[in-house]
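Enquirer: I'd like to ask some things about the structure below.
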Amino acid sequence: MTTRSRVRLARAAALVALAGGTLAVAAAPATAAPETVSILSVSAENVKPRETVRVQFRVTNDGRRAETAIVVVGGGLRCATGCRAEPNLRPGQSRTFDATLVAPDARPGETTGLNISVGVRLAGQNSYAYKMVYVHGPGASPSGEAEPAAGVRGVSGRVGDADEKAIGGADLTIRDSAGHEYRTTSDRSGRFSITSRAGRTIAEGSITVRATMDGYRTARATVRGRAGDVATVRLTLSAVPAPTTTSPSPTAEASPLAE
């Protein structure tokens with residue numbers, strides 16, 4: 001083999017090695033971007049009226065510049081401490097927060113599912129994280145101690161606007177045929193769900209679902225719940241039109257004070 005042939009062979013081998021290295025890098029899995037807000041822990045998922053619940057959550061700036069985040073904690077439980085924050089976050093920076101909430105009153109023998117809601121506005125975008133907590137009224141057995149009685153397996157659905165765009169953060173009230181009420185909140189995809197558990201069985205028959213949110217008219221829908229099935233419902237919220245303003249008449253402008 002001549003010297004020129006050896007050089008060509010060496011160059012070809014180098015190209016093959018380089019191509020192989022490039023393919024190996026391209027095949028490596030991409031790291032998923034962190035969520036803007038995520039709930040890390042909740043001190044209790046089953047509580048009695050007026051008991052406190054501690055929630056820890058994390059907020060991350062996944063943008064390319066520093067931003068001030070507006071953080072609000074709420075939902076079906078009353079927020080007592082750590083309810084609002086406005087941290088300034090560098091690109092890629094995360095911060096952990098703690099909040100304390102108080103469970104509301106519940107009627108005797110009833111269990112109500114309520115969401116803890118953490119909302120974050122960052123770089124003009126709204127993000128939400130939710131965690132369900134069950135409030136057991138006097139005489140109601142805590143969830144998980146026994147199998148649920150025969151009834152509807154659950155109620156799920158979606159909340160959207162007239163253009164079918166998802167609406168997150170809408171408050172949902174579900175009322176079954178026995179008069180029991182359950183509350184939850186739609187997620188960022190507009191979806192919501194509650195399930196039957198021990199002490200909070202959803203009764204068969206007519207189920208009414210009501211959705212409310214600031215800036216929209218209240219929407220209601222009624223579905224039929226059957227034992228062992230999941231009842232599904234779709235609600236459409238119509239935006240409340242902004243009030244129209246009228247310009248003052250020439251007569252009103254020419255007042256004695258103006259003269």
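Chain identifiers are assigned as A, B, and so on, following the order in which chains appear in the structure tokens; residues are numbered from 1 within each chain, and ligands are numbered from 1 in order of appearance.
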At a cut-off of 6 Å, using only C-alpha atoms, what residues contact Val230 of chain A? Leave out same-chain residues fewer than 2 positions from it and give the result as a ChimeraX atom specification.
Expert: /A:153-155
Enquirer: Got a sec: who's within 8 Å of Arg175 of chain A, counting only C-alpha atoms, leaving out chain neighbours fewer than 4 positions off, as a list in words?
Expert: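 Within the cut-off, the hits are Gly179, His180, Glu181, Tyr182, Ile207, Thr208 and Val209 of chain A.
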Enquirer: Hey, can you spit out that residue selection with C-alpha atoms as a tab-separated table (two decimals), in the first residue's frame?
Expert:
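And here's result_19.tsv as it stands now:
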chain	number	residue	atom	x	y	z
A	179	GLY	CA	-77.88	16.42	47.81
A	180	HIS	CA	-74.17	15.81	48.46
A	181	GLU	CA	-71.84	18.47	47.08
A	182	TYR	CA	-68.27	18.04	45.87
A	207	ILE	CA	-75.97	14.91	38.84
A	208	THR	CA	-75.73	18.68	38.39
A	209	VAL	CA	-72.38	20.29	37.58
Enquirer: Per DSSP on the backbone, what are the strand (DSSP E or B) residues of segment 38-214 of chain A, as a ChimeraX atom specification?
Expert: /A:38-42,46-47,52-60,67-68,70-75,78-81,84-85,88-89,94-102,111-122,125-136,152,154-160,166,171-175,181-185,191-195,197,200,202,205-212
Enquirer: Between A:Pro49, A:Gly63, A:Gly168, A:Gly76, which is the closest to Asn115 of chain A once you count only C-alpha atoms?
Expert: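 Selected residue with least distance to Asn115 of chain A: A:Gly76.
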Enquirer: Pick out the residues sitting within 12 Å of Lys48 of chain A, and hand them over as a ChimeraX atom specification; count only C-alpha atoms, and ignore anything fewer than 2 positions along from it in its own chain.
Expert: /A:44-46,50-53,77,102-113,133-143
Enquirer: Of the candidates A:Ala80, A:Ala69, A:Ala129, A:Ala239, which shows the shortest atom-to-atom distance to Asp214 of chain A, using only C-alpha atoms?
Expert: A:Ala239
Enquirer: For atom CA of Arg183 of chain A and atom CA of Ile39 of chain A, quote the distance in Å rounded to one decimal.
Expert: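 Taking atom CA of Arg183 of chain A as the start and atom CA of Ile39 of chain A as the end point, the length is 19.3 Å.
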Enquirer: Between atom CA of Asp98 of chain A and atom CA of Arg197 of chain A, measure the distance and give it in Å to one decimal.
Expert: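 Separating atom CA of Asp98 of chain A from atom CA of Arg197 of chain A is a distance of 28.5 Å.
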Enquirer: Could you tell me how far atom CA of Thr212 of chain A sits from atom CA of Thr184 of chain A, in Å to one decimal place?
Expert: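 These atoms are spaced 11.1 Å apart.
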Enquirer: For segment 55-59 of chain A, please output as a list in words all residues within 8 Å (counting only C-alpha atoms; exclusion window: fewer than 2 positions along the same chain).
Expert: Glu35, Thr36, Val37, Ser38, Ile39, Leu40, Ser41, Val42, Ser43, Val53, Asn61, Ser94, Arg95, Thr96, Phe97, Asp98, Ala99, Thr100, Leu101 and Val120 of chain A
Enquirer: Tell me which protein, DNA and RNA residues are within 9 Å of Ala170 of chain A, counting only C-alpha atoms, leaving out same-chain ones fewer than 3 positions away, and put them as a list in words.
Expert: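 The neighbour list is Val159, Ile167, Thr184, Thr185, Ser186, Asp187, Gly190, Ala211, Thr212, Met213 and Asp214 of chain A.
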Enquirer: Which residue is closest to Gln93 of chain A? Choose from A:Lys165, A:Arg200, A:Arg65, A:Arg210 and count only C-alpha atoms.
Expert: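 Smallest separation from Gln93 of chain A among the options: A:Arg65.
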